$ cat work_7.pdb   # PDB, C-alpha atoms
MODEL        1
ATOM      1  CA  MET A   1     143.012 130.947 131.599
ATOM      2  CA  ASN A   2     139.442 129.806 132.023
ATOM      3  CA  ALA A   3     138.164 128.972 135.446
ATOM      4  CA  GLY A   4     137.156 125.528 134.271
ATOM      5  CA  ASP A   5     140.722 124.631 133.378
ATOM      6  CA  GLN A   6     141.967 124.966 136.955
ATOM      7  CA  LYS A   7     142.369 121.608 138.614
ATOM      8  CA  ASP A   8     141.225 121.465 142.193
ATOM      9  CA  GLY A   9     141.031 117.699 142.580
ATOM     10  CA  ALA A  10     137.213 117.347 142.676
ATOM     11  CA  PHE A  11     135.414 115.079 140.088
ATOM     12  CA  GLU A  12     138.583 114.470 138.142
ATOM     13  CA  TYR A  13     137.972 110.766 137.749
ATOM     14  CA  LEU A  14     135.233 108.207 138.273
ATOM     15  CA  THR A  15     135.290 104.484 138.775
ATOM     16  CA  THR A  16     133.056 102.079 136.870
ATOM     17  CA  ARG A  17     133.160  98.688 135.262
ATOM     18  CA  LYS A  18     134.286  98.718 131.667
ATOM     19  CA  ASP A  19     131.293  96.648 130.502
ATOM     20  CA  GLU A  20     128.851  99.001 132.210
ATOM     21  CA  LEU A  21     130.452 102.055 130.699
ATOM     22  CA  VAL A  22     130.642 100.658 127.185
ATOM     23  CA  GLY A  23     127.155  99.166 127.430
ATOM     24  CA  TRP A  24     125.754 102.500 128.630
ATOM     25  CA  ALA A  25     127.381 104.274 125.705
ATOM     26  CA  ARG A  26     126.277 101.722 123.153
ATOM     27  CA  LYS A  27     122.682 101.425 124.270
ATOM     28  CA  PHE A  28     122.043 105.118 123.655
ATOM     29  CA  SER A  29     123.732 105.302 120.285
ATOM     30  CA  LEU A  30     121.895 102.695 118.211
ATOM     31  CA  PHE A  31     122.183 103.476 114.520
ATOM     32  CA  PRO A  32     119.362 101.547 112.853
ATOM     33  CA  TYR A  33     119.419 100.219 109.318
ATOM     34  CA  PRO A  34     115.761  99.958 108.273
ATOM     35  CA  PHE A  35     115.298  96.930 106.001
ATOM     36  CA  VAL A  36     111.728  97.811 105.135
ATOM     37  CA  THR A  37     109.795  95.543 102.802
ATOM     38  CA  ALA A  38     106.077  95.757 103.557
ATOM     39  CA  CYS A  39     103.163  97.473 105.244
ATOM     40  CA  CYS A  40     104.862  97.596 108.689
ATOM     41  CA  ALA A  41     106.777 100.509 107.165
ATOM     42  CA  MET A  42     103.832 102.744 108.029
ATOM     43  CA  GLU A  43     104.259 101.923 111.697
ATOM     44  CA  PHE A  44     107.998 102.346 111.399
ATOM     45  CA  MET A  45     107.459 105.875 110.045
ATOM     46  CA  SER A  46     105.026 106.592 112.819
ATOM     47  CA  VAL A  47     107.313 105.380 115.579
ATOM     48  CA  SER A  48     110.377 107.153 114.267
ATOM     49  CA  SER A  49     108.741 110.542 113.681
ATOM     50  CA  THR A  50     107.572 113.280 116.010
ATOM     51  CA  MET A  51     104.655 111.669 117.815
ATOM     52  CA  TYR A  52     106.565 108.726 119.280
ATOM     53  CA  ASP A  53     110.103 109.848 118.494
ATOM     54  CA  THR A  54     112.654 107.088 118.849
ATOM     55  CA  ASP A  55     115.288 109.803 119.103
ATOM     56  CA  ARG A  56     114.449 109.918 122.809
ATOM     57  CA  PHE A  57     116.082 106.483 123.008
ATOM     58  CA  GLY A  58     119.072 107.396 120.905
ATOM     59  CA  ALA A  59     117.832 105.158 118.108
ATOM     60  CA  ALA A  60     116.513 107.512 115.457
ATOM     61  CA  LEU A  61     119.235 108.252 112.968
ATOM     62  CA  PRO A  62     118.828 105.734 110.158
ATOM     63  CA  ARG A  63     121.971 104.817 108.286
ATOM     64  CA  PHE A  64     121.328 103.624 104.781
ATOM     65  CA  SER A  65     124.573 101.750 104.618
ATOM     66  CA  PRO A  66     124.828  98.527 106.601
ATOM     67  CA  ARG A  67     128.507  99.279 107.231
ATOM     68  CA  GLN A  68     127.642 102.322 109.342
ATOM     69  CA  SER A  69     124.808 100.824 111.343
ATOM     70  CA  ASP A  70     124.541  98.524 114.310
ATOM     71  CA  LEU A  71     120.834  97.738 114.594
ATOM     72  CA  LEU A  72     119.216  95.878 111.690
ATOM     73  CA  MET A  73     115.473  96.515 111.813
ATOM     74  CA  VAL A  74     113.727  93.989 109.580
ATOM     75  CA  VAL A  75     110.346  95.575 108.948
ATOM     76  CA  GLY A  76     107.969  93.398 106.947
ATOM     77  CA  THR A  77     107.641  90.124 105.111
ATOM     78  CA  ILE A  78     110.823  88.503 103.836
ATOM     79  CA  THR A  79     110.442  86.231 100.832
ATOM     80  CA  HIS A  80     112.742  83.426  99.825
ATOM     81  CA  LYS A  81     113.839  85.530  96.882
ATOM     82  CA  GLN A  82     114.882  88.339  99.234
ATOM     83  CA  ALA A  83     116.553  86.131 101.825
ATOM     84  CA  PRO A  84     120.027  86.234 100.179
ATOM     85  CA  VAL A  85     119.860  90.051 100.173
ATOM     86  CA  LEU A  86     118.979  90.208 103.868
ATOM     87  CA  ARG A  87     121.697  87.726 104.713
ATOM     88  CA  ARG A  88     124.249  89.775 102.784
ATOM     89  CA  VAL A  89     123.198  93.043 104.449
ATOM     90  CA  TYR A  90     123.591  91.378 107.846
ATOM     91  CA  GLU A  91     127.030  90.072 106.974
ATOM     92  CA  GLN A  92     128.184  93.538 105.915
ATOM     93  CA  MET A  93     127.386  95.119 109.287
ATOM     94  CA  CYS A  94     130.308  95.642 111.647
ATOM     95  CA  GLU A  95     130.377  94.220 115.166
ATOM     96  CA  PRO A  96     128.763  94.942 117.539
ATOM     97  CA  LYS A  97     125.406  94.433 115.827
ATOM     98  CA  TRP A  98     121.878  93.613 116.842
ATOM     99  CA  VAL A  99     118.804  92.511 114.913
ATOM    100  CA  MET A 100     115.186  93.431 115.542
ATOM    101  CA  ALA A 101     112.307  91.452 113.977
ATOM    102  CA  PHE A 102     109.601  94.086 113.545
ATOM    103  CA  GLY A 103     106.085  92.602 113.245
ATOM    104  CA  VAL A 104     104.843  89.033 112.926
ATOM    105  CA  CYS A 105     105.974  88.506 109.338
ATOM    106  CA  ALA A 106     109.620  89.063 110.187
ATOM    107  CA  THR A 107     109.168  87.127 113.438
ATOM    108  CA  SER A 108     107.498  83.972 112.131
ATOM    109  CA  GLY A 109     106.115  84.516 108.651
ATOM    110  CA  GLY A 110     102.874  85.786 110.181
ATOM    111  CA  PHE A 111      99.810  84.621 108.340
ATOM    112  CA  TYR A 112     101.796  83.731 105.239
ATOM    113  CA  GLN A 113     102.632  80.084 104.794
ATOM    114  CA  ASN A 114     103.239  79.477 101.132
ATOM    115  CA  TYR A 115     105.878  79.001  98.469
ATOM    116  CA  ALA A 116     107.135  82.579  98.772
ATOM    117  CA  ALA A 117     107.364  83.648 102.421
ATOM    118  CA  LEU A 118     110.296  82.930 104.718
ATOM    119  CA  GLN A 119     108.920  81.590 108.004
ATOM    120  CA  GLY A 120     110.759  84.057 110.239
ATOM    121  CA  ILE A 121     114.099  85.766 109.700
ATOM    122  CA  ASP A 122     115.659  83.756 112.534
ATOM    123  CA  LYS A 123     115.909  80.887 110.050
ATOM    124  CA  ILE A 124     118.768  82.758 108.379
ATOM    125  CA  ILE A 125     120.140  85.370 110.833
ATOM    126  CA  PRO A 126     120.220  85.566 114.657
ATOM    127  CA  VAL A 127     117.572  87.851 116.187
ATOM    128  CA  ASP A 128     117.880  89.781 119.458
ATOM    129  CA  VAL A 129     114.392  91.170 119.925
ATOM    130  CA  TYR A 130     111.053  90.136 118.448
ATOM    131  CA  ILE A 131     108.144  92.575 118.257
ATOM    132  CA  PRO A 132     104.795  90.859 117.628
ATOM    133  CA  GLY A 133     101.785  92.589 116.087
ATOM    134  CA  CYS A 134     100.312  93.053 112.643
ATOM    135  CA  PRO A 135     101.442  95.776 112.602
ATOM    136  CA  PRO A 136     102.862  96.398 116.094
ATOM    137  CA  ARG A 137     101.698  99.466 117.973
ATOM    138  CA  PRO A 138     104.355 102.152 118.337
ATOM    139  CA  GLU A 139     104.297 101.470 122.071
ATOM    140  CA  SER A 140     105.332  97.845 121.488
ATOM    141  CA  VAL A 141     108.177  98.995 119.250
ATOM    142  CA  ILE A 142     109.383 101.373 121.949
ATOM    143  CA  ASP A 143     109.079  98.539 124.468
ATOM    144  CA  GLY A 144     111.178  96.396 122.138
ATOM    145  CA  ILE A 145     113.835  99.094 121.843
ATOM    146  CA  MET A 146     113.957  99.438 125.631
ATOM    147  CA  GLN A 147     114.292  95.675 126.066
ATOM    148  CA  LEU A 148     117.108  95.687 123.556
ATOM    149  CA  GLN A 149     118.776  98.534 125.461
ATOM    150  CA  GLU A 150     118.517  96.496 128.674
ATOM    151  CA  LYS A 151     120.078  93.561 126.891
ATOM    152  CA  ILE A 152     122.925  95.719 125.572
ATOM    153  CA  ALA A 153     123.511  97.285 128.984
ATOM    154  CA  GLY A 154     123.565  93.888 130.653
ATOM    155  CA  SER A 155     125.871  92.074 128.270
ATOM    156  CA  SER A 156     129.636  91.863 128.139
ATOM    157  CA  HIS A 157     131.439  94.163 125.722
ATOM    158  CA  PRO A 158     134.878  92.768 125.024
ATOM    159  CA  ILE A 159     137.346  95.282 123.582
ATOM    160  CA  VAL A 160     139.029  92.483 121.678
ATOM    161  CA  SER A 161     136.973  89.389 120.908
ATOM    162  CA  ASP A 162     137.907  86.085 119.371
ATOM    163  CA  ARG A 163     136.122  87.209 116.206
ATOM    164  CA  PHE A 164     138.154  90.386 115.908
TER     165      PHE A 164
ATOM    166  CA  MET B   1      75.865 102.209  72.918
ATOM    167  CA  SER B   2      78.282  99.892  74.654
ATOM    168  CA  ALA B   3      75.532  97.292  75.231
ATOM    169  CA  ASP B   4      74.845  97.571  71.547
ATOM    170  CA  LEU B   5      78.450  96.898  70.694
ATOM    171  CA  LEU B   6      78.628  93.853  72.957
ATOM    172  CA  GLU B   7      75.421  92.493  71.467
ATOM    173  CA  ARG B   8      76.864  92.841  67.961
ATOM    174  CA  LEU B   9      80.064  91.196  69.124
ATOM    175  CA  ARG B  10      78.161  88.357  70.752
ATOM    176  CA  ALA B  11      76.166  87.700  67.593
ATOM    177  CA  ARG B  12      79.341  87.758  65.521
ATOM    178  CA  LEU B  13      81.234  85.344  67.772
ATOM    179  CA  VAL B  14      78.461  82.827  68.339
ATOM    180  CA  ASP B  15      78.229  82.361  64.595
ATOM    181  CA  GLU B  16      81.655  80.850  64.469
ATOM    182  CA  GLY B  17      81.159  77.980  66.892
ATOM    183  CA  ARG B  18      81.983  79.860  70.062
ATOM    184  CA  GLU B  19      79.793  80.354  73.125
ATOM    185  CA  ALA B  20      79.194  83.862  74.424
ATOM    186  CA  ALA B  21      77.126  85.092  77.337
ATOM    187  CA  PHE B  22      76.877  88.184  79.513
ATOM    188  CA  ALA B  23      78.253  87.937  83.030
ATOM    189  CA  HIS B  24      78.503  90.843  85.483
ATOM    190  CA  GLY B  25      78.269  93.414  82.736
ATOM    191  CA  LEU B  26      80.947  91.992  80.502
ATOM    192  CA  LEU B  27      80.833  89.550  77.635
ATOM    193  CA  ALA B  28      82.309  86.151  78.510
ATOM    194  CA  VAL B  29      83.304  84.051  75.523
ATOM    195  CA  GLN B  30      84.265  80.388  75.578
ATOM    196  CA  ILE B  31      86.431  79.467  72.598
ATOM    197  CA  PRO B  32      88.437  76.451  71.406
ATOM    198  CA  ARG B  33      92.143  77.115  71.718
ATOM    199  CA  GLU B  34      92.730  77.024  67.963
ATOM    200  CA  ALA B  35      90.436  80.044  67.607
ATOM    201  CA  LEU B  36      92.341  82.176  70.141
ATOM    202  CA  LEU B  37      94.516  84.184  67.762
ATOM    203  CA  ASP B  38      91.707  84.843  65.294
ATOM    204  CA  THR B  39      89.314  85.906  68.049
ATOM    205  CA  ALA B  40      91.851  88.251  69.646
ATOM    206  CA  LYS B  41      92.609  89.726  66.246
ATOM    207  CA  LEU B  42      88.927  90.266  65.586
ATOM    208  CA  LEU B  43      88.504  91.948  68.969
ATOM    209  CA  LYS B  44      91.428  94.273  68.357
ATOM    210  CA  GLU B  45      90.956  95.137  64.730
ATOM    211  CA  GLY B  46      87.223  94.730  64.246
ATOM    212  CA  PHE B  47      85.765  95.958  67.521
ATOM    213  CA  GLY B  48      88.374  98.312  68.966
ATOM    214  CA  PHE B  49      89.462  96.331  72.025
ATOM    215  CA  ASP B  50      92.871  97.964  72.205
ATOM    216  CA  LEU B  51      93.915  97.249  75.794
ATOM    217  CA  PHE B  52      95.118  93.832  76.906
ATOM    218  CA  LEU B  53      94.289  93.654  80.610
ATOM    219  CA  ASP B  54      95.334  90.258  81.839
ATOM    220  CA  VAL B  55      96.023  86.644  81.128
ATOM    221  CA  THR B  56      95.737  84.083  83.873
ATOM    222  CA  ALA B  57      94.604  80.509  84.263
ATOM    223  CA  VAL B  58      92.316  78.471  86.480
ATOM    224  CA  ASP B  59      93.285  75.008  87.679
ATOM    225  CA  TRP B  60      90.458  72.463  87.946
ATOM    226  CA  PRO B  61      92.337  69.414  89.285
ATOM    227  CA  ASP B  62      89.437  66.976  88.867
ATOM    228  CA  ARG B  63      88.283  68.165  85.479
ATOM    229  CA  ASP B  64      89.380  67.179  82.031
ATOM    230  CA  PRO B  65      90.568  69.409  80.384
ATOM    231  CA  ARG B  66      92.303  70.618  83.502
ATOM    232  CA  PHE B  67      93.029  74.308  82.867
ATOM    233  CA  ASP B  68      91.072  77.325  81.737
ATOM    234  CA  VAL B  69      93.244  80.085  80.294
ATOM    235  CA  VAL B  70      91.451  83.387  80.831
ATOM    236  CA  TYR B  71      92.011  86.655  78.958
ATOM    237  CA  HIS B  72      90.511  90.075  79.583
ATOM    238  CA  PHE B  73      90.341  92.852  77.019
ATOM    239  CA  TYR B  74      89.175  96.432  77.367
ATOM    240  CA  SER B  75      88.100  99.026  74.862
ATOM    241  CA  THR B  76      89.351 102.498  75.761
ATOM    242  CA  ARG B  77      86.953 103.944  73.179
ATOM    243  CA  ASP B  78      83.746 102.265  74.348
ATOM    244  CA  HIS B  79      84.712 101.439  77.955
ATOM    245  CA  VAL B  80      83.588  97.807  77.847
ATOM    246  CA  ARG B  81      85.311  94.563  78.710
ATOM    247  CA  VAL B  82      85.437  91.118  77.129
ATOM    248  CA  ARG B  83      86.618  87.900  78.724
ATOM    249  CA  LEU B  84      87.958  85.007  76.650
ATOM    250  CA  LYS B  85      88.220  81.548  78.128
ATOM    251  CA  THR B  86      89.825  78.565  76.511
ATOM    252  CA  ALA B  87      90.306  75.110  78.002
ATOM    253  CA  VAL B  88      93.614  73.198  77.739
ATOM    254  CA  THR B  89      94.532  69.762  79.030
ATOM    255  CA  GLY B  90      97.014  69.026  81.800
ATOM    256  CA  THR B  91      99.229  67.008  79.473
ATOM    257  CA  ASP B  92      99.449  69.697  76.789
ATOM    258  CA  PRO B  93      98.806  73.077  78.477
ATOM    259  CA  VAL B  94      99.879  75.229  75.551
ATOM    260  CA  VAL B  95      98.164  78.131  73.787
ATOM    261  CA  ASP B  96      99.326  80.579  71.131
ATOM    262  CA  THR B  97     101.037  83.741  72.294
ATOM    263  CA  LEU B  98      99.320  87.096  71.825
ATOM    264  CA  VAL B  99     102.568  89.097  71.791
ATOM    265  CA  PRO B 100     102.332  89.961  68.066
ATOM    266  CA  LEU B 101      98.985  91.638  68.745
ATOM    267  CA  PHE B 102      99.568  93.087  72.228
ATOM    268  CA  GLY B 103     103.129  93.786  73.427
ATOM    269  CA  ALA B 104     101.938  93.926  77.036
ATOM    270  CA  ALA B 105     101.132  90.229  76.853
ATOM    271  CA  ALA B 106     104.827  89.323  77.055
ATOM    272  CA  TYR B 107     105.186  89.974  80.792
ATOM    273  CA  MET B 108     101.802  88.568  81.742
ATOM    274  CA  GLU B 109     102.445  85.387  79.806
ATOM    275  CA  ARG B 110     105.731  85.029  81.678
ATOM    276  CA  GLU B 111     103.906  85.271  84.998
ATOM    277  CA  CYS B 112     101.205  82.835  83.913
ATOM    278  CA  HIS B 113     103.884  80.435  82.725
ATOM    279  CA  GLU B 114     105.820  80.355  86.009
ATOM    280  CA  MET B 115     102.797  80.337  88.294
ATOM    281  CA  LEU B 116     100.620  77.796  86.492
ATOM    282  CA  GLY B 117     102.838  76.166  83.914
ATOM    283  CA  ILE B 118     100.902  77.287  80.865
ATOM    284  CA  GLY B 119     103.023  77.330  77.714
ATOM    285  CA  PHE B 120     102.721  80.110  75.147
ATOM    286  CA  ARG B 121     103.721  79.008  71.685
ATOM    287  CA  GLY B 122     105.679  81.779  69.998
ATOM    288  CA  ASN B 123     106.739  83.619  73.165
ATOM    289  CA  ASP B 124     110.427  82.756  73.354
ATOM    290  CA  ASP B 125     111.146  84.679  76.585
ATOM    291  CA  LEU B 126     109.409  82.718  79.310
ATOM    292  CA  ARG B 127     112.036  83.206  82.045
ATOM    293  CA  PRO B 128     110.679  83.491  85.605
ATOM    294  CA  ILE B 129     109.620  87.037  86.422
ATOM    295  CA  LEU B 130     108.485  86.862  90.069
ATOM    296  CA  LEU B 131     110.046  83.561  91.073
ATOM    297  CA  TYR B 132     113.754  82.809  91.001
ATOM    298  CA  GLU B 133     115.868  80.665  88.716
ATOM    299  CA  GLY B 134     115.874  77.084  89.909
ATOM    300  CA  PHE B 135     112.378  77.118  91.401
ATOM    301  CA  GLU B 136     110.765  73.749  90.736
ATOM    302  CA  GLY B 137     107.085  73.344  90.019
ATOM    303  CA  HIS B 138     104.281  75.849  89.591
ATOM    304  CA  PRO B 139     103.102  77.268  92.912
ATOM    305  CA  LEU B 140      99.564  78.293  91.928
ATOM    306  CA  ARG B 141      98.633  74.814  90.747
ATOM    307  CA  LYS B 142      96.361  73.047  93.177
ATOM    308  CA  ASP B 143      98.757  70.124  93.573
ATOM    309  CA  TYR B 144     101.632  72.308  94.805
ATOM    310  CA  PRO B 145     101.840  71.629  98.588
ATOM    311  CA  LYS B 146     101.398  74.843 100.535
ATOM    312  CA  GLU B 147     104.132  73.936 103.025
ATOM    313  CA  ARG B 148     106.733  73.292 100.348
ATOM    314  CA  GLU B 149     109.612  75.771 100.629
ATOM    315  CA  GLN B 150     112.515  76.194  98.258
ATOM    316  CA  PRO B 151     114.914  78.411 100.215
ATOM    317  CA  LEU B 152     117.899  80.032  98.546
ATOM    318  CA  VAL B 153     119.810  80.512 101.807
ATOM    319  CA  ARG B 154     120.779  77.562 103.960
ATOM    320  CA  TYR B 155     118.868  77.684 107.267
ATOM    321  CA  ARG B 156     120.723  78.134 110.556
ATOM    322  CA  GLU B 157     120.814  75.069 112.791
TER     323      GLU B 157
ENDMDL
END
$ encode --input "work_7.pdb" --output "structure tokens"
Amino acid sequence: MNAGDQKDGAFEYLTTRKDELVGWARKFSLFPYPFVTACCAMEFMSVSSTMYDTDRFGAALPRFSPRQSDLLMVVGTITHKQAPVLRRVYEQMCEPKWVMAFGVCATSGGFYQNYAALQGIDKIIPVDVYIPGCPPRPESVIDGIMQLQEKIAGSSHPIVSDRF
Amino acid sequence: MSADLLERLRARLVDEGREAAFAHGLLAVQIPREALLDTAKLLKEGFGFDLFLDVTAVDWPDRDPRFDVVYHFYSTRDHVRVRLKTAVTGTDPVVDTLVPLFGAAAYMERECHEMLGIGFRGNDDLRPILLYEGFEGHPLRKDYPKEREQPLVRYRE
């Protein structure tokens, strides 16, 4: 029998609030779905690879199926023609889910105001964190991820919700 | 040699009631719209302009005729370019299609049709190519309001 299997009564249990525990677990296991449409992709590659390394925040493993992911990163300009696709991807994600608007185009349309560009993805889906910049610096993206983590840690995590 | 070719081409075209002048190293030709097919055919078969580069249009809202339809051709043998311009009115913005001569014209005529509302007689596939079905109006015309949106998804309240 291994020494570790012997129970001596020390550190056998801990007390915490359920929301804190679940929030702590969820904030470090963000599985992003990169919905990448435009030039911000370059900054997304930069921030997710070695130099800035979003893996340090538990948010590096991209899932290319919306059903397996819980953070929708909208990286780049969304056009009216693409809007139904984005909406459908969002609807396919399982709860709990969060949305990040990466760069000014996703946030507000940026400098595009014309027949083609959607003036911010929050017109069609709810957004949790906005990252301004054209494109945003990797530091601002990391700041956005950390703010999202704070939001996740601070919110309530019902085991059974009215939507479930 | 290429300057020589363009000079011969210019002399040939001016003879037939068209205006031709050099601009930025290429030959710019103004033609009536009835002469479009014949001119394109002459360029392709008589002078070796084998590559159809582009068709687009220019909207002059205060001018009559309102639109200029602009074509660019390139010769892969002589490495020179020719621009054709033909004016059409706002009430009848139609020109002949160049698809029988250049297959690549099919897609570019579709784009020109949706963006500026130019009709191409003889091109029977003018479905939208960049815009979506149900889009009203022609967004690159000067009278299309820049704020006008035609969303496909209903906005959240």
$ resolve_selection --input "work_7.pdb" --expression "the ChimeraX specification (/A :<6) & /B" --output "list in words"
Lys146, Glu147, Glu149, Pro151, Val153, Tyr155 and Arg156 of chain B
$ resolve_selection --input "work_7.pdb" --expression "the PyMOL selection byres ((chain B and resi 10) around 10)" --output "list of chain:residue names"
B:Asp4, B:Leu5, B:Leu6, B:Glu7, B:Arg8, B:Leu9, B:Ala11, B:Arg12, B:Leu13, B:Val14, B:Asp15, B:Arg18, B:Glu19, B:Ala20, B:Ala21, B:Phe22, B:Leu27, B:Ala28, B:Val29
$ resolve_selection --input "work_7.pdb" --expression "the PyMOL selection byres ((chain B and resi 86) around 6)" --output "MDAnalysis selection string"
chainID B and resid 30:33 68:69 85 87
$ atom_distance --input "work_7.pdb" --atom1 "CA of Pro96 (chain A)" --atom2 "CA of His157 (chain A)"
8.6 Å
$ atom_distance --input "work_7.pdb" --atom1 "CA of Pro66 (chain A)" --atom2 "CA of Val89 (chain A)"
6.1 Å
$ atom_distance --input "work_7.pdb" --atom1 "CA of Ala23 (chain B)" --atom2 "CA of Arg63 (chain B)"
22.3 Å
$ residues_around --input "work_7.pdb" --residues "Asp143 (chain A)" --least-positions-apart "3" --cutoff "12 Å" --atoms "all atoms listed in the file" --output "number ranges by chain"
A: 47, 52, 54, 57, 100, 102, 129-132, 136-140, 146-150
$ write_last_selection --input "work_7.pdb" --atoms "C-alpha atoms" --output "short mmCIF file (atom, residue, chain, number, x, y, z; two decimals), in the frame of the given file"
data_model
loop_
_atom_site.label_atom_id
_atom_site.label_comp_id
_atom_site.auth_asym_id
_atom_site.auth_seq_id
_atom_site.Cartn_x
_atom_site.Cartn_y
_atom_site.Cartn_z
CA VAL A 47 107.31 105.38 115.58
CA TYR A 52 106.56 108.73 119.28
CA THR A 54 112.65 107.09 118.85
CA PHE A 57 116.08 106.48 123.01
CA MET A 100 115.19 93.43 115.54
CA PHE A 102 109.60 94.09 113.54
CA VAL A 129 114.39 91.17 119.92
CA TYR A 130 111.05 90.14 118.45
CA ILE A 131 108.14 92.58 118.26
CA PRO A 132 104.80 90.86 117.63
CA PRO A 136 102.86 96.40 116.09
CA ARG A 137 101.70 99.47 117.97
CA PRO A 138 104.36 102.15 118.34
CA GLU A 139 104.30 101.47 122.07
CA SER A 140 105.33 97.84 121.49
CA MET A 146 113.96 99.44 125.63
CA GLN A 147 114.29 95.68 126.07
CA LEU A 148 117.11 95.69 123.56
CA GLN A 149 118.78 98.53 125.46
CA GLU A 150 118.52 96.50 128.67
#
$ residues_near_point --input "work_7.pdb" --point "(102.9, 72.2, 74.2)" --cutoff "12 Å" --atoms "only C-alpha atoms" --output "PyMOL selection string"
chain B and resi 88-97+113+117-122
$ residues_around --input "work_7.pdb" --residues "region 35-44 of chain A" --least-positions-apart "3" --cutoff "6 Å" --atoms "all atoms listed in the file" --output "PyMOL selection string"
chain A and resi 47+73-76+135
$ residues_around --input "work_7.pdb" --residues "Leu101 (chain B)" --least-positions-apart "5" --cutoff "10 Å" --atoms "only C-alpha atoms" --output "number ranges by chain"
B: 37, 40-41, 44-45, 50, 52
$ closest_residue --input "work_7.pdb" --among "A:Trp98, A:Phe31, A:Tyr90, A:Tyr112" --to "Gln68 (chain A)" --atoms "only C-alpha atoms"
A:Phe31
$ closest_residue --input "work_7.pdb" --among "B:Tyr144, B:Tyr132, B:Phe102, B:Tyr74" --to "Pro61 (chain B)" --atoms "only C-alpha atoms"
B:Tyr144
$ residues_around --input "work_7.pdb" --residues "Ala153 (chain A)" --least-positions-apart "5" --cutoff "8 Å" --atoms "all atoms listed in the file" --output "PyMOL selection string"
chain A and resi 19-20+23-24+26-27
$ residues_around --input "work_7.pdb" --residues "His72 (chain B)" --least-positions-apart "4" --cutoff "9 Å" --atoms "only C-alpha atoms" --output "tab-separated table (two decimals) with C-alpha atoms, keeping the file's coordinate frame"
chain	number	residue	atom	x	y	z
B	51	LEU	CA	93.92	97.25	75.79
B	52	PHE	CA	95.12	93.83	76.91
B	53	LEU	CA	94.29	93.65	80.61
B	54	ASP	CA	95.33	90.26	81.84
B	55	VAL	CA	96.02	86.64	81.13
B	81	ARG	CA	85.31	94.56	78.71
B	82	VAL	CA	85.44	91.12	77.13
B	83	ARG	CA	86.62	87.90	78.72
B	84	LEU	CA	87.96	85.01	76.65
B	85	LYS	CA	88.22	81.55	78.13
$ build_atoms --input "work_7.pdb" --residues "region 125-139 of chain B" --atoms "N, CA and C atoms" --output "JSON list (two decimals), in the frame of the given file"
[["chain", "number", "residue", "atom", "x", "y", "z"],
["B", 125, "ASP", "N", 110.53, 84.19, 75.34],
["B", 125, "ASP", "CA", 111.15, 84.68, 76.58],
["B", 125, "ASP", "C", 110.22, 84.37, 77.75],
["B", 126, "LEU", "N", 110.27, 83.11, 78.20],
["B", 126, "LEU", "CA", 109.41, 82.72, 79.31],
["B", 126, "LEU", "C", 110.24, 82.47, 80.56],
["B", 127, "ARG", "N", 111.28, 83.31, 80.79],
["B", 127, "ARG", "CA", 112.04, 83.21, 82.04],
["B", 127, "ARG", "C", 111.14, 83.57, 83.22],
["B", 128, "PRO", "N", 111.47, 83.08, 84.44],
["B", 128, "PRO", "CA", 110.68, 83.49, 85.60],
["B", 128, "PRO", "C", 110.73, 85.01, 85.79],
["B", 129, "ILE", "N", 109.64, 85.58, 86.25],
["B", 129, "ILE", "CA", 109.62, 87.04, 86.42],
["B", 129, "ILE", "C", 109.43, 87.40, 87.89],
["B", 130, "LEU", "N", 108.64, 86.63, 88.64],
["B", 130, "LEU", "CA", 108.48, 86.86, 90.07],
["B", 130, "LEU", "C", 109.24, 85.82, 90.88],
["B", 131, "LEU", "N", 109.30, 84.61, 90.39],
["B", 131, "LEU", "CA", 110.05, 83.56, 91.07],
["B", 131, "LEU", "C", 111.52, 83.65, 90.68],
["B", 132, "TYR", "N", 112.33, 82.75, 91.27],
["B", 132, "TYR", "CA", 113.75, 82.81, 91.00],
["B", 132, "TYR", "C", 114.16, 81.63, 90.14],
["B", 133, "GLU", "N", 115.33, 81.76, 89.52],
["B", 133, "GLU", "CA", 115.87, 80.67, 88.72],
["B", 133, "GLU", "C", 116.06, 79.45, 89.61],
["B", 134, "GLY", "N", 115.69, 78.30, 89.13],
["B", 134, "GLY", "CA", 115.87, 77.08, 89.91],
["B", 134, "GLY", "C", 114.65, 76.67, 90.70],
["B", 135, "PHE", "N", 113.61, 77.50, 90.70],
["B", 135, "PHE", "CA", 112.38, 77.12, 91.40],
["B", 135, "PHE", "C", 111.71, 75.98, 90.64],
["B", 136, "GLU", "N", 111.38, 74.92, 91.38],
["B", 136, "GLU", "CA", 110.76, 73.75, 90.74],
["B", 136, "GLU", "C", 109.26, 73.77, 90.94],
["B", 137, "GLY", "N", 108.53, 73.44, 89.90],
["B", 137, "GLY", "CA", 107.08, 73.34, 90.02],
["B", 137, "GLY", "C", 106.41, 74.68, 89.76],
["B", 138, "HIS", "N", 105.08, 74.65, 89.87],
["B", 138, "HIS", "CA", 104.28, 75.85, 89.59],
["B", 138, "HIS", "C", 103.40, 76.11, 90.79],
["B", 139, "PRO", "N", 103.70, 77.14, 91.58],
["B", 139, "PRO", "CA", 103.10, 77.27, 92.91],
["B", 139, "PRO", "C", 101.60, 77.53, 92.93]]
